[in-house]
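Here's the structure we're looking at; comments come further down.
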Amino acid sequence: MVITNIWAIGRDPASWEEPEKFKPERFLTCSVDFKGLDFQLIPFGAGRRGCPGTAFAMASVELVLANLVQKFEWELPKGMESEDLDTEEQPGVTIHRKNPLFAVATHCYF
C-alpha cells in the first residue's frame, strides 16, 4: 500500500511561499488546479484514483458558503480583535485547529 502525504505536499516551500501561514488569498491568482492535475494541491486525490465526487463537493461547498455570506453578517465576538485569531493547526490523522475559531453571525432580513 502506498499512502501519499498530502499534508507535506501542501506545505512544500518549493511550491508555496510561506507554506506554514494561513494565506487564503494566495489562491486568488494561483494557477494551481485542485482537480489533481497539479501535485502542489491534491485535496481530492489525483489520477485514476481521484475522488469521483469532486464536482459535487465543490458545488455543495460553494452553495453553502454563498448562502452563509448572503444571509448573515459576520463579526468577531465582543472584545476580540483580528490579531487574536489563532489559525495554528494541531497535527494528527485529521487536521484540527489548535484553538477553536469564533465568529458571531447575525441574520440579515431582506
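Labeling convention for the C-alpha cells: chains A, B, ... as they appear, residues from 1 per chain, ligands from 1 in order of appearance.
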Checklist entry - In chain A, what's strand (DSSP E or B) per DSSP? Answer as a count of residues only? => result 12
Checklist entry - Residues at most 12 Å from Phe22 in chain A, counting only C-alpha atoms, excluding those fewer than 6 positions away in the same chain, as JSON, numbers by chain? => result {"A": [10, 11, 16, 85, 86, 87, 88, 89, 97]}
Next on the checklist: Counting only C-alpha atoms, which residue out of A:Tyr109, A:Leu76, A:Pro52, A:Thr94 sits closest to Asn5 in chain A?
Outcome noted: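 When distances to Asn5 in chain A are compared using only C-alpha atoms, the smallest one comes from A:Thr94.
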Next on the checklist: If we count only C-alpha atoms and set the cut-off at 8 Å, which residues sit around Glu75 in chain A, ignoring sequence neighbours fewer than 4 positions away in its own chain? Please answer as a PyMOL selection string.
Outcome noted: chain A and resi 103-105
Checklist entry - So how many Å separate CA of Lys71 in chain A and CA of Pro100 in chain A, to one decimal? => result 23.0 Å
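With only C-alpha atoms taken into account, the protein and nucleic acid residues at most 12 Å from Thr54 in chain A (excluding it and anything under 3 positions from it in its own chain) are Phe34, Lys35, Gly36, Ile42, Pro43, Phe44, Gly45, Ala46, Arg49, Gly50, Cys51, Ala57, Met58, Ala59, Ser60 and Val61 of chain A.
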Please write the residues from the selection above to a file, keeping C-alpha atoms, as a compact mmCIF listing (two decimals), in the first residue's frame.
```txt
# COMPACT_ATOMS: atom_id res chain seq x y z
CA PHE A 34 -7.27 21.34 -7.27
CA LYS A 35 -8.56 18.55 -9.54
CA GLY A 36 -5.34 16.54 -9.41
CA ILE A 42 -4.47 17.49 -4.31
CA PRO A 43 -7.33 17.61 -1.79
CA PHE A 44 -9.39 15.14 -3.86
CA GLY A 45 -6.59 12.80 -4.89
CA ALA A 46 -5.13 12.54 -8.36
CA ARG A 49 -7.93 7.13 -8.19
CA GLY A 50 -9.19 10.70 -7.85
CA CYS A 51 -12.42 11.31 -5.97
CA ALA A 57 -18.29 18.57 -3.35
CA MET A 58 -17.21 21.86 -4.93
CA ALA A 59 -20.75 22.79 -5.96
CA SER A 60 -22.05 21.97 -2.47
CA VAL A 61 -19.35 23.96 -0.68
```
Next on the checklist: Between CA of Asn99 in chain A and CA of Phe27 in chain A, what distance in Å does the model show, to one decimal?
Outcome noted: 24.2 Å
